[in-house]
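So this block is entry38.cif, mmCIF, C-alpha atoms:
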data_query
#
loop_
_atom_site.group_PDB
_atom_site.id
_atom_site.type_symbol
_atom_site.label_atom_id
_atom_site.label_comp_id
_atom_site.auth_asym_id
_atom_site.auth_seq_id
_atom_site.Cartn_x
_atom_site.Cartn_y
_atom_site.Cartn_z
ATOM 1 C CA MET Q 1 142.608 183.693 -19.796
ATOM 2 C CA ARG Q 2 142.028 180.367 -21.512
ATOM 3 C CA ARG Q 3 145.761 179.911 -22.111
ATOM 4 C CA LEU Q 4 146.454 180.680 -18.462
ATOM 5 C CA LEU Q 5 143.862 178.140 -17.359
ATOM 6 C CA VAL Q 6 145.330 175.497 -19.669
ATOM 7 C CA SER Q 7 148.822 176.241 -18.325
ATOM 8 C CA LEU Q 8 147.652 175.940 -14.726
ATOM 9 C CA VAL Q 9 145.895 172.649 -15.413
ATOM 10 C CA ALA Q 10 148.974 171.307 -17.217
ATOM 11 C CA ALA Q 11 151.201 172.360 -14.318
ATOM 12 C CA GLY Q 12 148.851 170.638 -11.913
ATOM 13 C CA PHE Q 13 148.980 167.399 -13.891
ATOM 14 C CA ALA Q 14 152.791 167.615 -14.047
ATOM 15 C CA THR Q 15 153.011 168.083 -10.275
ATOM 16 C CA ALA Q 16 150.675 165.177 -9.634
ATOM 17 C CA ALA Q 17 152.630 162.954 -12.028
ATOM 18 C CA ALA Q 18 155.920 163.861 -10.344
ATOM 19 C CA ALA Q 19 154.471 163.074 -6.923
ATOM 20 C CA GLN Q 20 153.087 159.724 -8.064
ATOM 21 C CA SER Q 21 156.390 158.611 -9.570
ATOM 22 C CA PHE Q 22 158.478 159.737 -6.558
ATOM 23 C CA PRO Q 23 160.944 158.329 -5.798
ATOM 24 C CA ASN Q 24 162.181 156.751 -8.996
ATOM 25 C CA ARG Q 25 165.924 156.778 -8.308
ATOM 26 C CA THR Q 26 168.494 157.224 -5.532
ATOM 27 C CA VAL Q 27 167.678 159.930 -2.978
ATOM 28 C CA ARG Q 28 170.623 161.982 -1.709
ATOM 29 C CA PHE Q 29 170.959 163.510 1.740
ATOM 30 C CA VAL Q 30 173.568 166.280 1.463
ATOM 31 C CA SER Q 31 175.453 167.004 4.692
ATOM 32 C CA GLY Q 32 177.367 170.259 5.011
ATOM 33 C CA VAL Q 33 179.396 169.088 8.001
ATOM 34 C CA THR Q 34 182.117 166.512 8.510
ATOM 35 C CA PRO Q 35 181.304 162.783 8.775
ATOM 36 C CA GLY Q 36 180.848 161.720 12.379
ATOM 37 C CA SER Q 37 179.389 164.994 13.616
ATOM 38 C CA ALA Q 38 175.951 164.851 15.219
ATOM 39 C CA SER Q 39 173.864 166.194 12.322
ATOM 40 C CA ASP Q 40 175.801 164.116 9.785
ATOM 41 C CA THR Q 41 175.173 160.992 11.850
ATOM 42 C CA MET Q 42 171.478 161.869 12.056
ATOM 43 C CA ALA Q 43 171.366 162.081 8.264
ATOM 44 C CA ARG Q 44 172.896 158.599 8.045
ATOM 45 C CA ILE Q 45 170.429 157.184 10.581
ATOM 46 C CA LEU Q 46 167.498 158.582 8.593
ATOM 47 C CA ALA Q 47 168.964 157.475 5.251
ATOM 48 C CA GLU Q 48 169.236 153.908 6.473
ATOM 49 C CA LYS Q 49 165.553 153.777 7.427
ATOM 50 C CA LEU Q 50 164.211 155.841 4.523
ATOM 51 C CA SER Q 51 165.759 153.434 2.027
ATOM 52 C CA ALA Q 52 163.295 150.801 3.228
ATOM 53 C CA SER Q 53 160.206 153.023 3.427
ATOM 54 C CA LEU Q 54 160.817 154.782 0.093
ATOM 55 C CA GLY Q 55 161.863 151.678 -1.791
ATOM 56 C CA GLN Q 56 164.947 153.376 -3.267
ATOM 57 C CA PRO Q 57 168.544 153.761 -2.062
ATOM 58 C CA VAL Q 58 169.092 156.807 0.170
ATOM 59 C CA ILE Q 59 172.709 157.916 0.484
ATOM 60 C CA VAL Q 60 174.553 160.658 2.373
ATOM 61 C CA GLU Q 61 176.894 162.927 0.454
ATOM 62 C CA ASN Q 62 179.183 165.456 2.180
ATOM 63 C CA ARG Q 63 179.655 168.876 0.599
ATOM 64 C CA LEU Q 64 181.651 170.966 3.045
ATOM 65 C CA GLY Q 65 182.397 174.655 3.344
ATOM 66 C CA ALA Q 66 181.180 178.068 4.522
ATOM 67 C CA GLY Q 67 179.168 176.814 7.482
ATOM 68 C CA GLY Q 68 177.109 174.492 5.331
ATOM 69 C CA LEU Q 69 176.424 177.067 2.623
ATOM 70 C CA VAL Q 70 178.409 175.209 -0.048
ATOM 71 C CA GLY Q 71 176.159 172.177 0.287
ATOM 72 C CA ALA Q 72 172.988 174.248 0.687
ATOM 73 C CA LYS Q 73 173.682 176.294 -2.434
ATOM 74 C CA TRP Q 74 174.338 173.127 -4.419
ATOM 75 C CA VAL Q 75 171.085 171.546 -3.222
ATOM 76 C CA ALA Q 76 169.131 174.707 -4.043
ATOM 77 C CA GLY Q 77 170.311 174.375 -7.647
ATOM 78 C CA GLN Q 78 169.208 170.756 -8.074
ATOM 79 C CA GLU Q 79 166.017 169.534 -9.711
ATOM 80 C CA PRO Q 80 163.163 170.188 -7.238
ATOM 81 C CA ASP Q 81 161.795 166.663 -7.316
ATOM 82 C CA GLY Q 82 162.498 165.381 -3.794
ATOM 83 C CA HIS Q 83 165.561 163.339 -4.742
ATOM 84 C CA THR Q 84 168.002 165.832 -3.144
ATOM 85 C CA ILE Q 85 167.636 166.812 0.524
ATOM 86 C CA MET Q 86 169.831 169.150 2.581
ATOM 87 C CA MET Q 87 170.550 168.167 6.173
ATOM 88 C CA TYR Q 88 171.143 171.529 7.822
ATOM 89 C CA ALA Q 89 170.934 173.147 11.227
ATOM 90 C CA SER Q 90 170.130 176.506 12.776
ATOM 91 C CA ALA Q 91 173.235 177.827 10.974
ATOM 92 C CA PHE Q 92 170.835 178.152 8.028
ATOM 93 C CA THR Q 93 169.335 181.259 9.629
ATOM 94 C CA VAL Q 94 172.770 182.709 10.436
ATOM 95 C CA SER Q 95 175.133 181.811 7.570
ATOM 96 C CA THR Q 96 172.671 183.016 4.918
ATOM 97 C CA LEU Q 97 172.676 186.420 6.643
ATOM 98 C CA LEU Q 98 176.441 186.654 7.175
ATOM 99 C CA THR Q 99 177.602 185.362 3.795
ATOM 100 C CA PRO Q 100 175.881 186.472 0.569
ATOM 101 C CA GLY Q 101 175.229 183.797 -2.039
ATOM 102 C CA LEU Q 102 172.099 181.959 -0.925
ATOM 103 C CA ASP Q 103 168.631 183.396 -0.402
ATOM 104 C CA PRO Q 104 166.937 181.399 2.403
ATOM 105 C CA LYS Q 105 163.821 181.274 0.210
ATOM 106 C CA GLU Q 106 165.694 179.022 -2.242
ATOM 107 C CA LEU Q 107 165.199 176.147 0.209
ATOM 108 C CA ALA Q 108 161.927 174.958 1.710
ATOM 109 C CA PRO Q 109 161.607 173.394 5.182
ATOM 110 C CA LEU Q 110 160.976 169.655 5.113
ATOM 111 C CA ALA Q 111 161.220 168.290 8.655
ATOM 112 C CA THR Q 112 162.902 168.977 11.976
ATOM 113 C CA VAL Q 113 164.925 166.147 13.490
ATOM 114 C CA ALA Q 114 166.478 167.280 16.766
ATOM 115 C CA THR Q 115 167.674 170.097 18.925
ATOM 116 C CA ILE Q 116 171.185 170.096 20.426
ATOM 117 C CA PRO Q 117 171.168 172.265 23.557
ATOM 118 C CA THR Q 118 174.181 174.383 24.438
ATOM 119 C CA VAL Q 119 175.216 174.768 28.069
ATOM 120 C CA LEU Q 120 176.866 177.723 29.780
ATOM 121 C CA ILE Q 121 180.059 176.346 31.335
ATOM 122 C CA THR Q 122 182.696 178.122 33.405
ATOM 123 C CA PRO Q 123 185.983 177.139 35.115
ATOM 124 C CA PRO Q 124 185.349 174.685 37.958
ATOM 125 C CA GLY Q 125 184.097 176.158 41.232
ATOM 126 C CA LYS Q 126 184.339 179.781 40.138
ATOM 127 C CA TYR Q 127 180.598 180.523 39.867
ATOM 128 C CA LYS Q 128 177.634 178.718 41.402
ATOM 129 C CA THR Q 129 174.864 180.182 39.253
ATOM 130 C CA ALA Q 130 174.339 182.035 35.991
ATOM 131 C CA ALA Q 131 173.541 185.123 38.089
ATOM 132 C CA ASP Q 132 176.972 184.878 39.762
ATOM 133 C CA PHE Q 133 178.657 184.887 36.367
ATOM 134 C CA VAL Q 134 176.537 187.797 35.088
ATOM 135 C CA ALA Q 135 177.343 189.829 38.208
ATOM 136 C CA ALA Q 136 181.072 189.245 37.670
ATOM 137 C CA ALA Q 137 180.808 190.239 33.999
ATOM 138 C CA LYS Q 138 178.907 193.415 34.851
ATOM 139 C CA ALA Q 139 181.510 194.318 37.481
ATOM 140 C CA GLN Q 140 184.251 194.186 34.814
ATOM 141 C CA PRO Q 141 182.634 195.374 31.552
ATOM 142 C CA GLY Q 142 184.381 193.950 28.494
ATOM 143 C CA LYS Q 143 187.248 192.407 30.478
ATOM 144 C CA LEU Q 144 186.170 188.772 30.898
ATOM 145 C CA ASN Q 145 187.056 186.389 28.074
ATOM 146 C CA CYS Q 146 184.404 184.072 26.654
ATOM 147 C CA ALA Q 147 185.218 181.401 24.090
ATOM 148 C CA THR Q 148 183.218 180.406 21.014
ATOM 149 C CA ALA Q 149 183.729 177.649 18.446
ATOM 150 C CA GLY Q 150 183.826 180.232 15.657
ATOM 151 C CA VAL Q 151 182.043 183.312 14.334
ATOM 152 C CA GLY Q 152 178.356 182.655 13.721
ATOM 153 C CA SER Q 153 178.441 179.185 15.296
ATOM 154 C CA ALA Q 154 175.660 178.066 17.630
ATOM 155 C CA THR Q 155 178.078 178.532 20.540
ATOM 156 C CA HIS Q 156 178.683 182.141 19.448
ATOM 157 C CA MET Q 157 175.030 182.997 18.828
ATOM 158 C CA ALA Q 158 174.009 181.466 22.166
ATOM 159 C CA LEU Q 159 176.553 183.688 23.931
ATOM 160 C CA GLU Q 160 175.372 186.819 22.110
ATOM 161 C CA ARG Q 161 171.709 186.070 22.867
ATOM 162 C CA PHE Q 162 172.542 185.561 26.531
ATOM 163 C CA ARG Q 163 174.752 188.600 27.008
ATOM 164 C CA PHE Q 164 172.304 190.985 25.319
ATOM 165 C CA ALA Q 165 169.441 189.583 27.398
ATOM 166 C CA ALA Q 166 171.469 189.815 30.621
ATOM 167 C CA GLY Q 167 173.069 193.153 29.760
ATOM 168 C CA PHE Q 168 176.817 192.571 30.033
ATOM 169 C CA GLU Q 169 179.920 192.886 27.856
ATOM 170 C CA VAL Q 170 182.712 190.333 27.380
ATOM 171 C CA LEU Q 171 185.640 189.823 25.053
ATOM 172 C CA ASN Q 172 184.852 187.113 22.509
ATOM 173 C CA ILE Q 173 187.644 184.622 21.854
ATOM 174 C CA HIS Q 174 186.769 182.912 18.562
ATOM 175 C CA THR Q 175 188.605 179.586 18.419
ATOM 176 C CA LYS Q 176 188.955 177.054 15.607
ATOM 177 C CA GLY Q 177 186.496 174.614 17.138
ATOM 178 C CA ALA Q 178 184.907 173.042 20.199
ATOM 179 C CA GLY Q 179 188.076 171.301 21.397
ATOM 180 C CA GLU Q 180 190.050 174.513 21.543
ATOM 181 C CA ALA Q 181 187.171 176.426 23.158
ATOM 182 C CA LEU Q 182 186.795 173.798 25.881
ATOM 183 C CA THR Q 183 190.535 173.943 26.561
ATOM 184 C CA GLU Q 184 190.293 177.704 27.058
ATOM 185 C CA VAL Q 185 187.671 177.245 29.795
ATOM 186 C CA VAL Q 186 189.366 174.290 31.522
ATOM 187 C CA SER Q 187 192.638 176.216 31.649
ATOM 188 C CA GLY Q 188 190.915 179.303 33.043
ATOM 189 C CA ARG Q 189 191.914 181.510 30.113
ATOM 190 C CA ALA Q 190 188.217 181.895 29.270
ATOM 191 C CA GLU Q 191 185.478 182.550 31.808
ATOM 192 C CA CYS Q 192 182.685 180.960 29.806
ATOM 193 C CA TYR Q 193 181.649 178.942 26.771
ATOM 194 C CA PHE Q 194 178.310 177.630 25.530
ATOM 195 C CA ALA Q 195 179.274 173.992 24.987
ATOM 196 C CA LEU Q 196 177.158 171.379 23.243
ATOM 197 C CA VAL Q 197 175.298 169.468 25.943
ATOM 198 C CA PHE Q 198 177.099 166.139 25.504
ATOM 199 C CA GLN Q 199 180.446 167.923 25.839
ATOM 200 C CA ALA Q 200 179.284 169.874 28.875
ATOM 201 C CA GLN Q 201 177.899 166.753 30.559
ATOM 202 C CA LYS Q 202 181.153 164.854 30.153
ATOM 203 C CA MET Q 203 183.320 167.771 31.325
ATOM 204 C CA ARG Q 204 181.113 168.519 34.330
ATOM 205 C CA ASP Q 205 180.979 164.893 35.412
ATOM 206 C CA SER Q 206 184.777 164.747 35.359
ATOM 207 C CA GLY Q 207 185.010 167.915 37.457
ATOM 208 C CA LYS Q 208 186.727 169.970 34.759
ATOM 209 C CA VAL Q 209 184.039 172.658 34.461
ATOM 210 C CA THR Q 210 180.946 173.983 36.226
ATOM 211 C CA ALA Q 211 177.695 173.934 34.224
ATOM 212 C CA LEU Q 212 175.320 176.805 35.009
ATOM 213 C CA ALA Q 213 172.396 176.891 32.581
ATOM 214 C CA VAL Q 214 170.992 175.577 29.300
ATOM 215 C CA SER Q 215 170.600 177.963 26.375
ATOM 216 C CA GLY Q 216 167.530 176.358 24.868
ATOM 217 C CA PRO Q 217 163.762 176.787 24.875
ATOM 218 C CA LYS Q 218 163.400 174.044 27.491
ATOM 219 C CA ARG Q 219 165.484 171.892 29.836
ATOM 220 C CA THR Q 220 167.411 169.040 28.286
ATOM 221 C CA SER Q 221 166.835 165.407 29.203
ATOM 222 C CA LEU Q 222 170.610 164.923 29.252
ATOM 223 C CA MET Q 223 171.141 167.402 32.107
ATOM 224 C CA PRO Q 224 167.659 167.829 33.605
ATOM 225 C CA ASP Q 225 168.945 169.468 36.782
ATOM 226 C CA LEU Q 226 170.126 172.550 34.902
ATOM 227 C CA PRO Q 227 167.726 175.499 34.513
ATOM 228 C CA THR Q 228 167.376 177.244 31.182
ATOM 229 C CA THR Q 229 168.832 180.745 30.908
ATOM 230 C CA VAL Q 230 165.233 182.008 30.824
ATOM 231 C CA GLU Q 231 164.445 180.145 34.048
ATOM 232 C CA ALA Q 232 167.608 181.671 35.504
ATOM 233 C CA GLY Q 233 165.985 185.083 35.080
ATOM 234 C CA TYR Q 234 166.938 186.282 31.596
ATOM 235 C CA PRO Q 235 163.958 186.565 29.207
ATOM 236 C CA ASN Q 236 164.685 186.205 25.470
ATOM 237 C CA SER Q 237 168.089 184.669 26.201
ATOM 238 C CA ASP Q 238 167.395 181.241 24.693
ATOM 239 C CA TYR Q 239 168.993 180.010 21.477
ATOM 240 C CA ASN Q 240 167.586 176.954 19.716
ATOM 241 C CA PHE Q 241 170.296 174.899 17.967
ATOM 242 C CA TRP Q 242 168.084 172.716 15.748
ATOM 243 C CA VAL Q 243 168.855 170.121 13.106
ATOM 244 C CA GLY Q 244 166.490 169.616 10.201
ATOM 245 C CA ALA Q 245 166.040 168.844 6.520
ATOM 246 C CA LEU Q 246 165.299 171.191 3.621
ATOM 247 C CA VAL Q 247 164.657 170.771 -0.106
ATOM 248 C CA PRO Q 248 164.756 173.030 -3.193
ATOM 249 C CA ALA Q 249 161.963 175.589 -2.868
ATOM 250 C CA LYS Q 250 159.963 174.505 -5.930
ATOM 251 C CA THR Q 251 159.645 170.867 -4.826
ATOM 252 C CA PRO Q 252 155.988 169.805 -5.302
ATOM 253 C CA ARG Q 253 153.949 170.022 -2.127
ATOM 254 C CA PRO Q 254 152.792 166.371 -2.245
ATOM 255 C CA ILE Q 255 156.435 165.230 -2.267
ATOM 256 C CA ILE Q 256 157.303 167.559 0.623
ATOM 257 C CA GLU Q 257 154.336 166.267 2.606
ATOM 258 C CA ARG Q 258 155.281 162.648 1.995
ATOM 259 C CA LEU Q 259 158.911 163.128 3.018
ATOM 260 C CA HIS Q 260 157.825 165.203 6.011
ATOM 261 C CA LYS Q 261 155.553 162.394 7.178
ATOM 262 C CA GLU Q 262 158.246 159.734 6.618
ATOM 263 C CA ILE Q 263 160.893 161.657 8.583
ATOM 264 C CA ASN Q 264 158.496 162.688 11.353
ATOM 265 C CA THR Q 265 157.411 159.088 11.805
ATOM 266 C CA LEU Q 266 161.025 157.993 12.135
ATOM 267 C CA VAL Q 267 161.959 160.764 14.598
ATOM 268 C CA GLN Q 268 158.999 159.828 16.792
ATOM 269 C CA SER Q 269 159.722 156.089 16.702
ATOM 270 C CA PRO Q 270 161.258 154.635 19.905
ATOM 271 C CA GLU Q 271 164.328 153.288 18.068
ATOM 272 C CA ILE Q 272 165.323 156.505 16.273
ATOM 273 C CA ASN Q 273 164.301 158.593 19.273
ATOM 274 C CA GLU Q 274 166.796 156.705 21.420
ATOM 275 C CA ARG Q 275 169.548 156.846 18.790
ATOM 276 C CA ILE Q 276 169.167 160.627 18.545
ATOM 277 C CA LYS Q 277 169.410 160.965 22.336
ATOM 278 C CA LYS Q 278 172.622 158.916 22.334
ATOM 279 C CA LEU Q 279 174.125 161.578 20.047
ATOM 280 C CA GLY Q 280 173.560 164.177 22.766
ATOM 281 C CA ALA Q 281 170.437 165.651 21.207
ATOM 282 C CA ASP Q 282 166.746 165.868 21.980
ATOM 283 C CA PRO Q 283 164.374 164.635 19.227
ATOM 284 C CA LEU Q 284 162.311 167.457 17.708
ATOM 285 C CA SER Q 285 159.123 167.108 15.672
ATOM 286 C CA MET Q 286 157.264 170.046 14.147
ATOM 287 C CA THR Q 287 154.595 170.546 11.540
ATOM 288 C CA LEU Q 288 155.656 172.105 8.240
ATOM 289 C CA ALA Q 289 153.959 175.346 9.246
ATOM 290 C CA GLU Q 290 155.736 175.397 12.618
ATOM 291 C CA PHE Q 291 159.107 174.765 10.980
ATOM 292 C CA GLN Q 292 158.556 177.575 8.462
ATOM 293 C CA SER Q 293 157.427 179.927 11.228
ATOM 294 C CA MET Q 294 160.556 179.127 13.271
ATOM 295 C CA ILE Q 295 162.828 179.848 10.306
ATOM 296 C CA ASP Q 296 161.051 183.126 9.521
ATOM 297 C CA ARG Q 297 161.266 184.241 13.141
ATOM 298 C CA GLU Q 298 164.952 183.322 13.459
ATOM 299 C CA LEU Q 299 165.898 185.189 10.284
ATOM 300 C CA VAL Q 300 164.396 188.367 11.737
ATOM 301 C CA GLU Q 301 165.837 187.894 15.228
ATOM 302 C CA ASN Q 302 169.293 186.854 14.013
ATOM 303 C CA ALA Q 303 169.496 189.790 11.603
ATOM 304 C CA LYS Q 304 168.882 192.148 14.543
ATOM 305 C CA LEU Q 305 171.395 190.314 16.739
ATOM 306 C CA ILE Q 306 174.085 190.285 14.052
ATOM 307 C CA LYS Q 307 173.669 194.035 13.565
ATOM 308 C CA ALA Q 308 173.597 194.830 17.285
ATOM 309 C CA ALA Q 309 176.675 192.689 18.026
ATOM 310 C CA GLY Q 310 178.550 193.820 14.908
ATOM 311 C CA ILE Q 311 179.122 190.220 13.822
ATOM 312 C CA LYS Q 312 180.956 189.791 10.514
ATOM 313 C CA ALA Q 313 181.874 186.629 8.667
ATOM 314 C CA ASN Q 314 185.529 185.595 8.738
#
Now, as a test, write the supplied structure out as structure tokens.
Amino acid sequence: MRRLLVSLVAAGFATAAAAQSFPNRTVRFVSGVTPGSASDTMARILAEKLSASLGQPVIVENRLGAGGLVGAKWVAGQEPDGHTIMMYASAFTVSTLLTPGLDPKELAPLATVATIPTVLITPPGKYKTAADFVAAAKAQPGKLNCATAGVGSATHMALERFRFAAGFEVLNIHTKGAGEALTEVVSGRAECYFALVFQAQKMRDSGKVTALAVSGPKRTSLMPDLPTTVEAGYPNSDYNFWVGALVPAKTPRPIIERLHKEINTLVQSPEINERIKKLGADPLSMTLAEFQSMIDRELVENAKLIKAAGIKAN
């Protein structure tokens, strides 16, 4: 018992010492997506500001592959001292289920940054409401084509959530990315696609598509006239495409709390708030407990959805 007590006290002192000396070198934001994409740009915006508040250089390092899992697995294996942060998205609660190799518990939630709503779009003038599209899909079970930007992507998961909630079948056309998926809808080869909101806004404004509903927990400030899929009459149809930061699971709590506060303060500041909106996203701030609860809930819900839809990794 005495040895255990001594060990616990020593561990406590070590944690406190680590927290007091943090940061003592360059902090790395690891991005699992290509430079220039929304979440990568958010990491760079935060890195720029954190360098000043932390008093150490903060850099962004890209480690691509497997829907962000390559970078996430690498971060999980780094020293849990706050100097390595993973910039990830809601793919964290999908990719870890589809592709073995990373236990979600190896990373701890740090801070949410934004949510990027997806929008149900269809060929121009074909449907006026989400209900019109659902009625057409139900009239031709499994015959309408719907595009996605890839298996397990936010655009795919949003479609699956919506179709199970609304009770219809379609043929999924998994493309190589957003550009190809948008082309499928504009050409009329696909009846629907859940496009990222900034893509949907641009395409609707140019008359190339019709936008019907937002697949998110609330309306988006970028297209405030559009109802959510839940408001359109389909409970449990929303899919939250979030962007946030995670760290190795054993990172000391005081370090997590400090970084959480620093990032939250930035996200809520008028300057960063506006810069996030210009990327086609809505700023998102949560407590650590709320972020953890969201991840836990999504892992359960996505596991059920993946099984029900028979989704398999490429």
How would you write, as a PyMOL selection string, the residues chosen by the PyMOL selection byres ((chain Q and resi 285) around 12) on this structure? chain Q and resi 110-115+242-245+260-269+273+282-284+286-291
Expansion of the PyMOL selection byres ((chain Q and resi 65) around 12) into residues, as number ranges by chain: Q: 31-34, 62-64, 66-74, 95, 99
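The interatomic distance for the pair atom CA of Q:Leu171 and atom CA of Q:Lys143 works out to 6.2 Å.
Within the file as shown, the PyMOL selection byres ((chain Q and resi 138) around 12) identifies Q:Ala131, Q:Asp132, Q:Phe133, Q:Val134, Q:Ala135, Q:Ala136, Q:Ala137, Q:Ala139, Q:Gln140, Q:Pro141, Q:Gly142, Q:Lys143, Q:Leu144, Q:Arg163, Q:Phe164, Q:Ala166, Q:Gly167, Q:Phe168, Q:Glu169, Q:Val170.
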Those same residues, written as a short mmCIF file (atom, residue, chain, number, x, y, z; two decimals), keeping the file's coordinate frame with C-alpha atoms?
data_model
loop_
_atom_site.label_atom_id
_atom_site.label_comp_id
_atom_site.auth_asym_id
_atom_site.auth_seq_id
_atom_site.Cartn_x
_atom_site.Cartn_y
_atom_site.Cartn_z
CA ALA Q 131 173.54 185.12 38.09
CA ASP Q 132 176.97 184.88 39.76
CA PHE Q 133 178.66 184.89 36.37
CA VAL Q 134 176.54 187.80 35.09
CA ALA Q 135 177.34 189.83 38.21
CA ALA Q 136 181.07 189.24 37.67
CA ALA Q 137 180.81 190.24 34.00
CA ALA Q 139 181.51 194.32 37.48
CA GLN Q 140 184.25 194.19 34.81
CA PRO Q 141 182.63 195.37 31.55
CA GLY Q 142 184.38 193.95 28.49
CA LYS Q 143 187.25 192.41 30.48
CA LEU Q 144 186.17 188.77 30.90
CA ARG Q 163 174.75 188.60 27.01
CA PHE Q 164 172.30 190.98 25.32
CA ALA Q 166 171.47 189.82 30.62
CA GLY Q 167 173.07 193.15 29.76
CA PHE Q 168 176.82 192.57 30.03
CA GLU Q 169 179.92 192.89 27.86
CA VAL Q 170 182.71 190.33 27.38
#
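Going from atom CA of Q:Thr122 to atom CA of Q:Lys307 covers 27.0 Å.
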With all atoms listed in the file as the counted atoms, please give the residues lying no more than 10 Å from Q:Leu182, apart from itself and same-chain residues fewer than 5 positions off, as number ranges by chain. Q: 121-123, 147-149, 175, 177, 187-188, 190, 192-195, 199-200, 203, 208-209
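Distance annotation: of Q:Cys146, Q:Leu159, Q:Ala108, Q:Ile256, the residue with the minimal separation from Q:Asp296 is Q:Ala108; atom set is all atoms listed in the file.
Atom pair atom CA of Q:Asp225 / atom CA of Q:Lys202 has a distance of 14.6 Å (rounded to one decimal).
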Using all atoms listed in the file, which protein or nucleic acid residues come within 9 Å of Q:Ala232? Drop anything in the same chain fewer than 3 positions from it, and give the result as an MDAnalysis selection string. chainID Q and resid 129:131 213 227:229 235
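The closest residue to Q:Leu120, picked from Q:Gly77, Q:Pro252, Q:Gly152, Q:Gly216 and counting only C-alpha atoms, is Q:Gly216.
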Long-range neighbours of Q:Lys278 as a PDB file with C-alpha atoms, keeping the file's coordinate frame, 12 Å cut-off, only C-alpha atoms, 2 positions minimum in chain:
ATOM      1  CA  ALA Q  38     175.951 164.851  15.219  1.00  0.00           C
ATOM      2  CA  THR Q  41     175.173 160.992  11.850  1.00  0.00           C
ATOM      3  CA  MET Q  42     171.478 161.869  12.056  1.00  0.00           C
ATOM      4  CA  ALA Q 114     166.478 167.280  16.766  1.00  0.00           C
ATOM      5  CA  ILE Q 116     171.185 170.096  20.426  1.00  0.00           C
ATOM      6  CA  VAL Q 197     175.298 169.468  25.943  1.00  0.00           C
ATOM      7  CA  PHE Q 198     177.099 166.139  25.504  1.00  0.00           C
ATOM      8  CA  SER Q 221     166.835 165.407  29.203  1.00  0.00           C
ATOM      9  CA  LEU Q 222     170.610 164.923  29.252  1.00  0.00           C
ATOM     10  CA  GLU Q 271     164.328 153.288  18.068  1.00  0.00           C
ATOM     11  CA  ILE Q 272     165.323 156.505  16.273  1.00  0.00           C
ATOM     12  CA  ASN Q 273     164.301 158.593  19.273  1.00  0.00           C
ATOM     13  CA  GLU Q 274     166.796 156.705  21.420  1.00  0.00           C
ATOM     14  CA  ARG Q 275     169.548 156.846  18.790  1.00  0.00           C
ATOM     15  CA  ILE Q 276     169.167 160.627  18.545  1.00  0.00           C
ATOM     16  CA  GLY Q 280     173.560 164.177  22.766  1.00  0.00           C
ATOM     17  CA  ALA Q 281     170.437 165.651  21.207  1.00  0.00           C
ATOM     18  CA  ASP Q 282     166.746 165.868  21.980  1.00  0.00           C
ATOM     19  CA  PRO Q 283     164.374 164.635  19.227  1.00  0.00           C
TER      20      PRO Q 283
END
Looking at all atoms listed in the file, which of Q:Met86, Q:Ala43, Q:Ala19, Q:Ala52 is the one that sits closest to Q:Val247? Q:Met86
